[in-house]
Amino acid sequence: MVRNAKEFLKKLEELKSKFSESIGKINSIKELEELKVKFLGRKGELAKIMKALPGLAKEDKPMAGKAGNETKNWIEDLLAQKKEILEQTEMSKPSSFDHTLPGREIWSGSLHPITITIQEICSVFVSLGYEIVTGPEIETDFYNFEALNIPKDHPARDMQDTLYISDNILLRTHTSPLQIRTMLNTKPPVAAIAPGKVYRRDSDLTHSPMFHQIEGFLVDKDVNMGDLRGTLTYFVQHIFSKDTKVRFRPSFFPFTEPSAEVDISCVICNGTGFVGNEPCRVCKQTGFVEILGCGLIDPKVFESVGYDPEAYSGFAFGLGVERVAMLKYGINDLRLFFENDTRFLNQFLDFPV
Amino acid sequence: MLLSVKWLKEITPYEGEVNKLAHVLTMLGLEVEEIFNPFEEISDIIVGYVVECGKHPNADKLKLCKVDIAQGELLDVVCGAPNVEKGQLIAFAPVGAKLPGNIKIKKAKIRGQTSYGMICSEMELGLSDDHSGIMVIKGNIQPGTKLIDALDLDTCVFDIGMTPNRADCLSVLGVAREVAAYFDLPLNIPPCDVEKFEQEKKCEIPIEIEDPDDCPLYMARILEDVKIKPSPDWMKYRLVAMGVRPINNVVDITNYVLLELGHPLHGFDMDLLKGHKIRVQRAKKELEFTTLDGKQRRLSKDALLIWDSERPIALAGIMGGYESEINENTKNVLLECAIFSPPLIRRTARRLGISTEASYRFERGVDQLGAENVINRAAYLIHRFGGGQILKGISKNEPKKFKLKNIPFRPKRAISLLSIDAKSEYCLNILNRLGCEILPTDDGKYQVTPPSFRLDLEREIDLVEEVGRFYGLEKIPATLPRITKSAIGRTCTHGVPYEFLYKIKQWARGLGLQECVTYSFVDKDELIFLGEDGSEFVPVANPLSKDQDTMRTLVVTGVLNALKTNIHNFNQDIRLFEIARAFYKDLYSETGVREINKLTMALHGNRYPTNWSLPRQSWDFYDLKGMVENLFKILGIYDKLKLTSTNKYNFLDKGAEILINNIEIGFLGTLRKKYHKQYHVKTGVVLAELDIDKIYSEYKDKQIQFIAWSKYPPVFRDMTIVCPEGLTYEEIRHCLESSKSQLLEEVDLIDLYIPENSQEKRITLRMTYRDPKRTLTDREVDKVHSNLGKYLLEHLPVRFP
Ligand SMILES: [Zn+2]
């Protein structure tokens, strides 16, 4: 029984030396935990000694309490030191932990390259201030042809072999009806971009009966051919690369005049016409590939939507999404887009914002 | 359109490089798609001289020749042709040379005699159908010369992709006009001065035209005592180069002039016509007519025909008739040169499914003022290469004269639309070089009259384009326009905006699904097979094939077929989605069709990737249901979602209908076994299809509303109840909700156990209790929890275990 402060302090000293001896024999964290309980636990050695504290002389109590606390801290420090040492030895021991095992994999989803391409193209135009519009895939002859200055029995209809639902209803052959629908719905200025599925009665290695187009158009005061060149050059260099060359050559579309076809320097052979020593198959050695059609909107189109062709002018362009994707990714077979083989889809895991 | 560069140079003296010419034409809008040598296959053939021609010692029908090809030594050549003779110049294929059809000439032993090459016939060289004997070359040609040089063939041909507006360029003359205008070269119109060869006897044949709009001009010339024979070699070879089969001089000349001047002509055998009269009128009733290719064609009543006094003799502007065709016995020729209505020719040609060189040009428009030159050119050539007499003058009926157009033109307008750095004079000069007449008008504008062959120039904008074309679009400076927009938002969108569909795609991608894109049309039988009733089908009137004959009413066909492809290709673990439209007949729609955006998903194979620490488990209904619920949660419309299970979809086993506000918007379920074979499915496949338009209409006005939460701790209590098999979880949830227990914040189903051979199931629920304003004590929660238990026992056929 502890009766005075001296005995109390002596007990604490004995405890310390007992602890020192004990901790020297400890070899594992588990033993160390047990040791901690033995000395510092609620019913541990230190607690037993501290029980005598209330019975000490009043003037000795602060000193004794402080000594008790110091002993506790001293033990805790030693425990912590020992723990660190033990942890280090345990870590350096060989173990079953193998950081090279594969992680628990998460399924990778993907967007179809057509979607990726559409989104990337639309983003470029949205950043320029265009808005995205959509419309029906089944159209009337009026929106798909008549209003676009493609009358019945006109050779221009040969440019697009059409799938019909009835005499007057058809699967849209291009996204150009969106020009008409949008302009009929709004007053100029208009700046819109219209992605979507289109259909042609054509199926072979380089034609699919369903494919995707993007139509873009701008109507305002004083829109001119230079603006069209600038806009499409900006677009091409954003989608492909800064070094891509853009070439405009005259062409014909019933709903634009002047009309032009836009070629870009072949991205497969960098416009050289050769891949290694082999002639480039994509551009047939010309160094250029056709990428889109465009022009100033024909006054007849303005008339059919009730715009004044003297007050306003505009440009329109249309491009094939699959064609852009094929060039961009080096895809050599159009059919791959619609087979949806996962070995194809798995190559497009990255996604646009 | 094919264009021989050599022929072009005969009309305009272009001296520069071929590639430069091709580039210039392309940049003028006449795209040179290909440059090729039509005689590539006989470029190894050389001219040989038959020095000796004796009998083959071992074969009566063969001859043994010695041929000189200017290589020092004479070559021994065995030849079986009856017409080979000493002193001939012949087409010779030496050892190593190639013949058409990729035949390689080798040294050969023929009946004991070695032959070092082959003497060729025209047929073997692809120059004609003549295989009666070897080809004998006329003229003074050095042996060893390449045959293609000796014959002066058209070895450089452009294939030009001609746009529909440029009818004027569908001839050598037409392209030559562009080249001459661009390089400022003279234009040498081919000779057509027939007058000096005309007879006293007049060409007089009455021509009746029923409708001037159908046929504004019909001209005829008559040539008597013409000798039908093969055309001169140069013309035959030129036609071969252009892909036209030589037939006889008269037919060849009409083809030649068509290619040269762009105006289709037709020659009739005068003696096969009945009565001395030509009529141009419609069929008026359906009738059978045999065209010169020997095919019997069924004509509709508005087909335009050329008639003699009794019967139709030609399908106007498309093809001549079989019965009046020029043949080897023809003596007297009636040459037709006319103008027909482009839409009418086009309609008839399309209806009959034929496109000829003639119809192709008439559809696009032919130069009416140039027609006289054309018929004279043809008569001149027939006279020259077929003899006979040209009767005096032209029989002509022109009920509708061609009117030149006068177009007001403002050079300033052209300059500003094209944004080019040029003066008015520059624009006017270009138009002038293109053959336009230009007159200044009082108001400072100009009146421009395009030449008669430029039918495409009708409006000011057409002239603007011409200026741009010759200025060079490449020289126009690129500027980025400033976009001014109206303050009003979106202008035109069909149903759901693009951005929403893209958002859903990104959501599905994030779940690990892969997007596919499939055709919108399917086989009608597939839809029926899946149980669609067909009343709303939208059939395609002219599908490419039966498997694309109906617009799909179910978008799930796409992922199912993509699944089939993948399984077929040994790909495993397939998770697909697609967003596409379904199409339904709808009388109230502008197009007669209602288009709905649908999301469809399919899961097949394993729930987790193959991994050492992940279980091998198949996807099931609850995986996909979880995905659907997640979508609704993300969009903030989870409270609108409801599922029913009435098994209305034939192809679903354990299926459910998805409802929003009690309106069905799609389905979810497992593909029924019976359908596995069709899609090559071996293990289970879970499918869903949802109407995105309906989801969007719930979503579009949703606004996230922040709600503050209780800062007091929750208390959890579990409860296990035993229920009969038929009791649904939803019924239990409803019951819990109806208890209106104030403190009950959330209920989670944490365990479901169905003992074997039992009619009961054990359900363990975890209740979360919480008060917004204070900390709950264990005792009060125990009380609420036990009351809730009693409530369940009272209202549901359940018991505690
Ligand atoms: Zn290339």
# chains A, B, ... in the order shown; residues from 1 in each chain; ligands from 1

call {"tool": "residues_near_ligand", "arguments": {"ligand": "ligand 1", "cutoff": "8 Å", "atoms": "only C-alpha atoms and all ligand atoms", "output": "PyMOL selection string"}}
result
chain A and resi 265-275+279-289

call {"tool": "residues_around", "arguments": {"residues": "Leu163 in chain A", "least_positions_apart": "3", "cutoff": "12 Å", "atoms": "only C-alpha atoms", "output": "PyMOL selection string"}}
result
(chain A and resi 137-141+144+160+166-174+198-203+209-210) or (chain B and resi 521+539-545+548-551)

call {"tool": "atom_distance", "arguments": {"atom1": "CA of Pro299 in chain A", "atom2": "CA of Leu128 in chain A"}}
result
24.9 Å

call {"tool": "residues_around", "arguments": {"residues": "range 175-187 of chain B", "least_positions_apart": "2", "cutoff": "6 Å", "atoms": "only C-alpha atoms", "output": "PyMOL selection string"}}
result
chain B and resi 8+11-12+169+172-173+433

call {"tool": "residues_around", "arguments": {"residues": "Ile209 in chain B", "least_positions_apart": "6", "cutoff": "7 Å", "atoms": "only C-alpha atoms", "output": "tab-separated table (two decimals) with C-alpha atoms, in the first residue's frame"}}
result
chain	number	residue	atom	x	y	z
B	215	CYS	CA	-40.13	19.87	-129.67
B	279	ARG	CA	-44.36	13.70	-137.19
B	280	VAL	CA	-43.36	14.52	-133.62
B	281	GLN	CA	-46.05	13.65	-131.14

call {"tool": "select_by_dssp", "arguments": {"residues": "range 503-641 of chain B", "states": "helix (DSSP H, G or I)", "output": "ChimeraX atom specification"}}
result
/B:503-510,524-529,546-548,556-568,621-634,638-640

call {"tool": "write_last_selection", "arguments": {"atoms": "C-alpha atoms", "output": "compact mmCIF listing (two decimals), in the first residue's frame"}}
result
# COMPACT_ATOMS: atom_id res chain seq x y z
CA LYS B 503 -26.17 14.11 -72.52
CA ILE B 504 -27.94 10.75 -72.42
CA LYS B 505 -25.24 9.25 -74.61
CA GLN B 506 -22.57 10.49 -72.22
CA TRP B 507 -24.53 9.06 -69.32
CA ALA B 508 -24.71 5.63 -70.95
CA ARG B 509 -21.05 5.79 -71.89
CA GLY B 510 -20.22 6.52 -68.28
CA LYS B 524 -40.78 -6.00 -91.84
CA ASP B 525 -40.76 -9.69 -90.95
CA GLU B 526 -38.35 -9.04 -88.11
CA LEU B 527 -40.73 -6.53 -86.53
CA ILE B 528 -43.60 -8.96 -86.92
CA PHE B 529 -41.46 -11.76 -85.52
CA LYS B 546 -36.16 -6.78 -98.40
CA ASP B 547 -34.20 -6.48 -95.17
CA GLN B 548 -34.55 -2.69 -95.40
CA VAL B 556 -34.09 -2.48 -79.96
CA THR B 557 -33.65 -4.35 -83.26
CA GLY B 558 -30.46 -2.36 -83.71
CA VAL B 559 -28.74 -3.50 -80.53
CA LEU B 560 -30.05 -7.03 -81.02
CA ASN B 561 -28.51 -7.27 -84.47
CA ALA B 562 -25.29 -5.65 -83.30
CA LEU B 563 -25.25 -8.28 -80.57
CA LYS B 564 -25.69 -10.96 -83.19
CA THR B 565 -22.74 -9.64 -85.22
CA ASN B 566 -20.56 -9.53 -82.14
CA ILE B 567 -21.45 -13.00 -80.95
CA HIS B 568 -20.84 -14.24 -84.46
CA PHE B 621 -33.01 -7.74 -65.03
CA TYR B 622 -32.05 -5.78 -61.91
CA ASP B 623 -28.79 -4.55 -63.45
CA LEU B 624 -30.62 -2.82 -66.25
CA LYS B 625 -33.42 -1.72 -63.99
CA GLY B 626 -30.81 -0.08 -61.82
CA MET B 627 -29.44 1.75 -64.83
CA VAL B 628 -32.89 2.99 -65.80
CA GLU B 629 -33.53 4.13 -62.22
CA ASN B 630 -30.18 5.86 -62.20
CA LEU B 631 -31.10 7.79 -65.34
CA PHE B 632 -34.34 8.96 -63.78
CA LYS B 633 -32.56 9.93 -60.58
CA ILE B 634 -29.94 11.93 -62.44
CA TYR B 638 -37.29 9.43 -60.29
CA ASP B 639 -40.61 10.03 -58.58
CA LYS B 640 -42.38 9.79 -61.98

call {"tool": "residues_around", "arguments": {"residues": "Arg575 in chain B", "least_positions_apart": "3", "cutoff": "6 Å", "atoms": "only C-alpha atoms", "output": "ChimeraX atom specification"}}
result
/B:513-514,602-603

call {"tool": "write_last_selection", "arguments": {"atoms": "N, CA and C atoms", "output": "CSV table (one decimal), in the first residue's frame"}}
result
chain,number,residue,atom,x,y,z
B,513,LEU,N,-21.5,1.4,-71.1
B,513,LEU,CA,-22.1,0.9,-72.3
B,513,LEU,C,-21.5,1.5,-73.5
B,514,GLN,N,-21.5,0.7,-74.6
B,514,GLN,CA,-20.9,1.2,-75.9
B,514,GLN,C,-22.0,1.5,-76.9
B,602,ALA,N,-28.8,-3.0,-74.3
B,602,ALA,CA,-28.7,-4.5,-74.2
B,602,ALA,C,-27.5,-4.9,-73.5
B,603,LEU,N,-27.6,-5.8,-72.5
B,603,LEU,CA,-26.5,-6.3,-71.8
B,603,LEU,C,-26.4,-7.8,-72.0

call {"tool": "residues_around", "arguments": {"residues": "Val262 in chain A", "least_positions_apart": "4", "cutoff": "10 Å", "atoms": "only C-alpha atoms", "output": "CSV table (one decimal) with N, CA, C and O atoms, in the first residue's frame"}}
result
chain,number,residue,atom,x,y,z
A,229,ARG,N,-15.2,31.0,-97.0
A,229,ARG,CA,-13.8,30.5,-97.0
A,229,ARG,C,-13.2,30.5,-95.6
A,229,ARG,O,-12.6,29.6,-95.1
A,232,LEU,N,-14.9,28.0,-93.2
A,232,LEU,CA,-14.6,26.6,-93.4
A,232,LEU,C,-13.1,26.3,-93.2
A,232,LEU,O,-12.8,25.2,-92.8
A,233,THR,N,-12.3,27.2,-93.4
A,233,THR,CA,-10.9,27.1,-93.2
A,233,THR,C,-10.6,26.9,-91.6
A,233,THR,O,-9.9,26.0,-91.2
A,236,VAL,N,-11.9,23.4,-90.7
A,236,VAL,CA,-11.0,22.3,-91.1
A,236,VAL,C,-9.8,22.3,-90.2
A,236,VAL,O,-9.3,21.2,-89.8
A,246,VAL,N,-6.6,23.9,-97.4
A,246,VAL,CA,-8.0,23.9,-97.8
A,246,VAL,C,-8.1,24.4,-99.2
A,246,VAL,O,-7.5,25.5,-99.5
A,247,ARG,N,-8.8,23.7,-100.1
A,247,ARG,CA,-8.9,24.2,-101.5
A,247,ARG,C,-10.3,24.3,-101.9
A,247,ARG,O,-11.1,23.3,-101.7
A,248,PHE,N,-10.7,25.4,-102.5
A,248,PHE,CA,-12.1,25.6,-103.0
A,248,PHE,C,-12.1,25.5,-104.5
A,248,PHE,O,-11.3,26.2,-105.1
A,249,ARG,N,-13.0,24.7,-105.0
A,249,ARG,CA,-13.1,24.7,-106.5
A,249,ARG,C,-14.6,24.7,-106.8
A,249,ARG,O,-15.4,24.2,-106.1
A,250,PRO,N,-14.9,25.4,-108.0
A,250,PRO,CA,-16.3,25.6,-108.3
A,250,PRO,C,-17.0,24.3,-108.5
A,250,PRO,O,-16.4,23.3,-109.0
A,251,SER,N,-18.2,24.3,-108.2
A,251,SER,CA,-19.0,23.1,-108.4
A,251,SER,C,-20.5,23.5,-108.6
A,251,SER,O,-20.7,24.7,-108.8
A,288,PHE,N,-5.1,15.6,-102.5
A,288,PHE,CA,-6.3,16.3,-102.0
A,288,PHE,C,-7.4,15.3,-101.8
A,288,PHE,O,-7.6,14.4,-102.6
A,289,VAL,N,-8.3,15.5,-100.8
A,289,VAL,CA,-9.5,14.8,-100.7
A,289,VAL,C,-10.7,15.7,-100.6
A,289,VAL,O,-10.6,16.7,-99.9
A,290,GLU,N,-11.8,15.3,-101.2
A,290,GLU,CA,-13.0,16.1,-101.2
A,290,GLU,C,-13.6,15.9,-99.8
A,290,GLU,O,-13.7,14.8,-99.3
A,291,ILE,N,-14.0,17.0,-99.2
A,291,ILE,CA,-14.6,16.9,-97.8
A,291,ILE,C,-16.0,17.5,-97.7
A,291,ILE,O,-16.8,17.0,-96.9
A,292,LEU,N,-16.3,18.5,-98.4
A,292,LEU,CA,-17.6,19.1,-98.2
A,292,LEU,C,-18.0,19.9,-99.4
A,292,LEU,O,-17.2,20.3,-100.3
A,293,GLY,N,-19.3,20.2,-99.5
A,293,GLY,CA,-19.9,21.1,-100.5
A,293,GLY,C,-20.4,22.3,-99.9
A,293,GLY,O,-20.9,22.3,-98.8
A,294,CYS,N,-20.3,23.4,-100.6
A,294,CYS,CA,-20.8,24.7,-100.0
A,294,CYS,C,-21.1,25.7,-101.1
A,294,CYS,O,-20.9,25.5,-102.2
A,295,GLY,N,-21.5,26.9,-100.6
A,295,GLY,CA,-21.8,28.0,-101.5
A,295,GLY,C,-22.6,29.1,-100.9
A,295,GLY,O,-23.0,28.9,-99.7
A,317,PHE,N,-23.2,25.0,-96.1
A,317,PHE,CA,-22.3,24.0,-96.4
A,317,PHE,C,-22.8,22.7,-95.9
A,317,PHE,O,-23.6,22.7,-94.9
A,319,LEU,N,-21.6,18.5,-95.0
A,319,LEU,CA,-20.4,17.6,-95.1
A,319,LEU,C,-20.9,16.2,-94.6
A,319,LEU,O,-21.8,16.1,-93.8

call {"tool": "closest_residue", "arguments": {"among": "A:Pro352, A:Gly109, A:Gly216, A:Gly41", "to": "Gly512 in chain B", "atoms": "only C-alpha atoms"}}
result
A:Gly109

call {"tool": "closest_residue", "arguments": {"among": "B:Met27, B:Val257, B:Ile207, B:Val250", "to": "chain A", "atoms": "only C-alpha atoms"}}
result
B:Met27

call {"tool": "atom_distance", "arguments": {"atom1": "CA of Phe197 in chain B", "atom2": "CA of Ala371 in chain B"}}
result
19.2 Å

call {"tool": "closest_residue", "arguments": {"among": "A:Leu205, A:Ile193, A:Val305, A:Ala156", "to": "Asn165 in chain B", "atoms": "only C-alpha atoms"}}
result
A:Ala156

call {"tool": "atom_distance", "arguments": {"atom1": "CA of Ile103 in chain B", "atom2": "CA of Gly126 in chain B"}}
result
12.6 Å

call {"tool": "closest_residue", "arguments": {"among": "A:Pro254, A:Gly320, A:Gly330, A:Gly276", "to": "chain B", "atoms": "only C-alpha atoms"}}
result
A:Pro254

call {"tool": "select_by_dssp", "arguments": {"residues": "range 132-197 of chain A", "states": "strand (DSSP E or B)", "output": "ChimeraX atom specification"}}
result
/A:132,138-140,164,169-171,190-197

call {"tool": "decode", "arguments": {"residues": "range 101-112 of chain A", "atoms": "all heavy atoms", "output": "PDB file, in the first residue's frame"}}
result
ATOM      1  N   LEU A 101      -0.847  -7.044 -59.235  1.00  0.00           N
ATOM      2  CA  LEU A 101      -2.080  -7.723 -59.670  1.00  0.00           C
ATOM      3  C   LEU A 101      -2.991  -6.703 -60.348  1.00  0.00           C
ATOM      4  O   LEU A 101      -2.999  -5.534 -59.971  1.00  0.00           O
ATOM      5  CB  LEU A 101      -2.821  -8.300 -58.453  1.00  0.00           C
ATOM      6  CG  LEU A 101      -2.240  -9.569 -57.836  1.00  0.00           C
ATOM      7  CD1 LEU A 101      -3.027  -9.931 -56.579  1.00  0.00           C
ATOM      8  CD2 LEU A 101      -2.300 -10.723 -58.840  1.00  0.00           C
ATOM      9  N   PRO A 102      -3.777  -7.154 -61.369  1.00  0.00           N
ATOM     10  CA  PRO A 102      -4.659  -6.200 -62.055  1.00  0.00           C
ATOM     11  C   PRO A 102      -5.672  -5.603 -61.070  1.00  0.00           C
ATOM     12  O   PRO A 102      -6.166  -6.287 -60.186  1.00  0.00           O
ATOM     13  CB  PRO A 102      -5.387  -7.050 -63.096  1.00  0.00           C
ATOM     14  CG  PRO A 102      -4.647  -8.331 -63.176  1.00  0.00           C
ATOM     15  CD  PRO A 102      -3.905  -8.508 -61.886  1.00  0.00           C
ATOM     16  N   GLY A 103      -5.962  -4.321 -61.257  1.00  0.00           N
ATOM     17  CA  GLY A 103      -6.986  -3.674 -60.451  1.00  0.00           C
ATOM     18  C   GLY A 103      -8.351  -4.211 -60.801  1.00  0.00           C
ATOM     19  O   GLY A 103      -8.521  -4.868 -61.836  1.00  0.00           O
ATOM     20  N   ARG A 104      -9.305  -3.970 -59.941  1.00  0.00           N
ATOM     21  CA  ARG A 104     -10.660  -4.405 -60.249  1.00  0.00           C
ATOM     22  C   ARG A 104     -11.186  -3.524 -61.375  1.00  0.00           C
ATOM     23  O   ARG A 104     -11.490  -2.363 -61.175  1.00  0.00           O
ATOM     24  CB  ARG A 104     -11.562  -4.302 -59.022  1.00  0.00           C
ATOM     25  CG  ARG A 104     -11.922  -5.670 -58.503  1.00  0.00           C
ATOM     26  CD  ARG A 104     -12.470  -5.641 -57.105  1.00  0.00           C
ATOM     27  NE  ARG A 104     -11.667  -6.523 -56.284  1.00  0.00           N
ATOM     28  CZ  ARG A 104     -11.105  -6.203 -55.144  1.00  0.00           C
ATOM     29  NH1 ARG A 104     -11.290  -5.004 -54.635  1.00  0.00           N
ATOM     30  NH2 ARG A 104     -10.386  -7.072 -54.485  1.00  0.00           N
ATOM     31  N   GLU A 105     -11.250  -4.125 -62.576  1.00  0.00           N
ATOM     32  CA  GLU A 105     -11.516  -3.328 -63.771  1.00  0.00           C
ATOM     33  C   GLU A 105     -12.944  -2.814 -63.800  1.00  0.00           C
ATOM     34  O   GLU A 105     -13.857  -3.450 -63.269  1.00  0.00           O
ATOM     35  CB  GLU A 105     -11.257  -4.217 -64.987  1.00  0.00           C
ATOM     36  CG  GLU A 105     -10.978  -3.462 -66.252  1.00  0.00           C
ATOM     37  CD  GLU A 105     -10.992  -4.395 -67.446  1.00  0.00           C
ATOM     38  OE1 GLU A 105     -10.624  -5.576 -67.310  1.00  0.00           O
ATOM     39  OE2 GLU A 105     -11.394  -3.918 -68.517  1.00  0.00           O
ATOM     40  N   ILE A 106     -13.108  -1.668 -64.437  1.00  0.00           N
ATOM     41  CA  ILE A 106     -14.439  -1.088 -64.638  1.00  0.00           C
ATOM     42  C   ILE A 106     -14.714  -1.120 -66.130  1.00  0.00           C
ATOM     43  O   ILE A 106     -13.820  -0.849 -66.937  1.00  0.00           O
ATOM     44  CB  ILE A 106     -14.435   0.354 -64.093  1.00  0.00           C
ATOM     45  CG1 ILE A 106     -14.358   0.308 -62.572  1.00  0.00           C
ATOM     46  CG2 ILE A 106     -15.656   1.128 -64.563  1.00  0.00           C
ATOM     47  CD1 ILE A 106     -13.920   1.593 -61.941  1.00  0.00           C
ATOM     48  N   TRP A 107     -15.925  -1.502 -66.518  1.00  0.00           N
ATOM     49  CA  TRP A 107     -16.253  -1.538 -67.947  1.00  0.00           C
ATOM     50  C   TRP A 107     -16.022  -0.167 -68.568  1.00  0.00           C
ATOM     51  O   TRP A 107     -16.416   0.853 -68.003  1.00  0.00           O
ATOM     52  CB  TRP A 107     -17.732  -1.881 -68.161  1.00  0.00           C
ATOM     53  CG  TRP A 107     -18.108  -3.313 -67.901  1.00  0.00           C
ATOM     54  CD1 TRP A 107     -19.099  -3.734 -67.069  1.00  0.00           C
ATOM     55  CD2 TRP A 107     -17.578  -4.500 -68.506  1.00  0.00           C
ATOM     56  NE1 TRP A 107     -19.204  -5.099 -67.096  1.00  0.00           N
ATOM     57  CE2 TRP A 107     -18.281  -5.597 -67.973  1.00  0.00           C
ATOM     58  CE3 TRP A 107     -16.572  -4.739 -69.435  1.00  0.00           C
ATOM     59  CZ2 TRP A 107     -18.019  -6.912 -68.339  1.00  0.00           C
ATOM     60  CZ3 TRP A 107     -16.309  -6.054 -69.801  1.00  0.00           C
ATOM     61  CH2 TRP A 107     -17.021  -7.117 -69.256  1.00  0.00           C
ATOM     62  N   SER A 108     -15.394  -0.170 -69.741  1.00  0.00           N
ATOM     63  CA  SER A 108     -15.227   1.091 -70.447  1.00  0.00           C
ATOM     64  C   SER A 108     -16.367   1.265 -71.437  1.00  0.00           C
ATOM     65  O   SER A 108     -16.553   0.449 -72.320  1.00  0.00           O
ATOM     66  CB  SER A 108     -13.916   1.092 -71.228  1.00  0.00           C
ATOM     67  OG  SER A 108     -12.852   0.834 -70.348  1.00  0.00           O
ATOM     68  N   GLY A 109     -17.113   2.319 -71.262  1.00  0.00           N
ATOM     69  CA  GLY A 109     -18.139   2.645 -72.248  1.00  0.00           C
ATOM     70  C   GLY A 109     -17.507   3.431 -73.369  1.00  0.00           C
ATOM     71  O   GLY A 109     -16.351   3.849 -73.281  1.00  0.00           O
ATOM     72  N   SER A 110     -18.255   3.613 -74.464  1.00  0.00           N
ATOM     73  CA  SER A 110     -17.699   4.411 -75.557  1.00  0.00           C
ATOM     74  C   SER A 110     -18.813   5.044 -76.366  1.00  0.00           C
ATOM     75  O   SER A 110     -19.920   4.529 -76.420  1.00  0.00           O
ATOM     76  CB  SER A 110     -16.821   3.544 -76.460  1.00  0.00           C
ATOM     77  OG  SER A 110     -17.582   2.501 -77.027  1.00  0.00           O
ATOM     78  N   LEU A 111     -18.476   6.157 -76.982  1.00  0.00           N
ATOM     79  CA  LEU A 111     -19.384   6.778 -77.939  1.00  0.00           C
ATOM     80  C   LEU A 111     -18.974   6.315 -79.327  1.00  0.00           C
ATOM     81  O   LEU A 111     -17.798   6.064 -79.584  1.00  0.00           O
ATOM     82  CB  LEU A 111     -19.291   8.306 -77.854  1.00  0.00           C
ATOM     83  CG  LEU A 111     -19.747   8.930 -76.540  1.00  0.00           C
ATOM     84  CD1 LEU A 111     -19.563  10.440 -76.583  1.00  0.00           C
ATOM     85  CD2 LEU A 111     -21.213   8.591 -76.254  1.00  0.00           C
ATOM     86  N   HIS A 112     -19.946   6.204 -80.188  1.00  0.00           N
ATOM     87  CA  HIS A 112     -19.672   5.789 -81.561  1.00  0.00           C
ATOM     88  C   HIS A 112     -18.858   6.884 -82.260  1.00  0.00           C
ATOM     89  O   HIS A 112     -19.105   8.060 -82.032  1.00  0.00           O
ATOM     90  CB  HIS A 112     -21.000   5.567 -82.276  1.00  0.00           C
ATOM     91  CG  HIS A 112     -20.872   4.779 -83.544  1.00  0.00           C
ATOM     92  ND1 HIS A 112     -20.424   5.359 -84.711  1.00  0.00           N
ATOM     93  CD2 HIS A 112     -21.110   3.481 -83.831  1.00  0.00           C
ATOM     94  CE1 HIS A 112     -20.406   4.428 -85.664  1.00  0.00           C
ATOM     95  NE2 HIS A 112     -20.811   3.283 -85.156  1.00  0.00           N
TER      96      HIS A 112
END
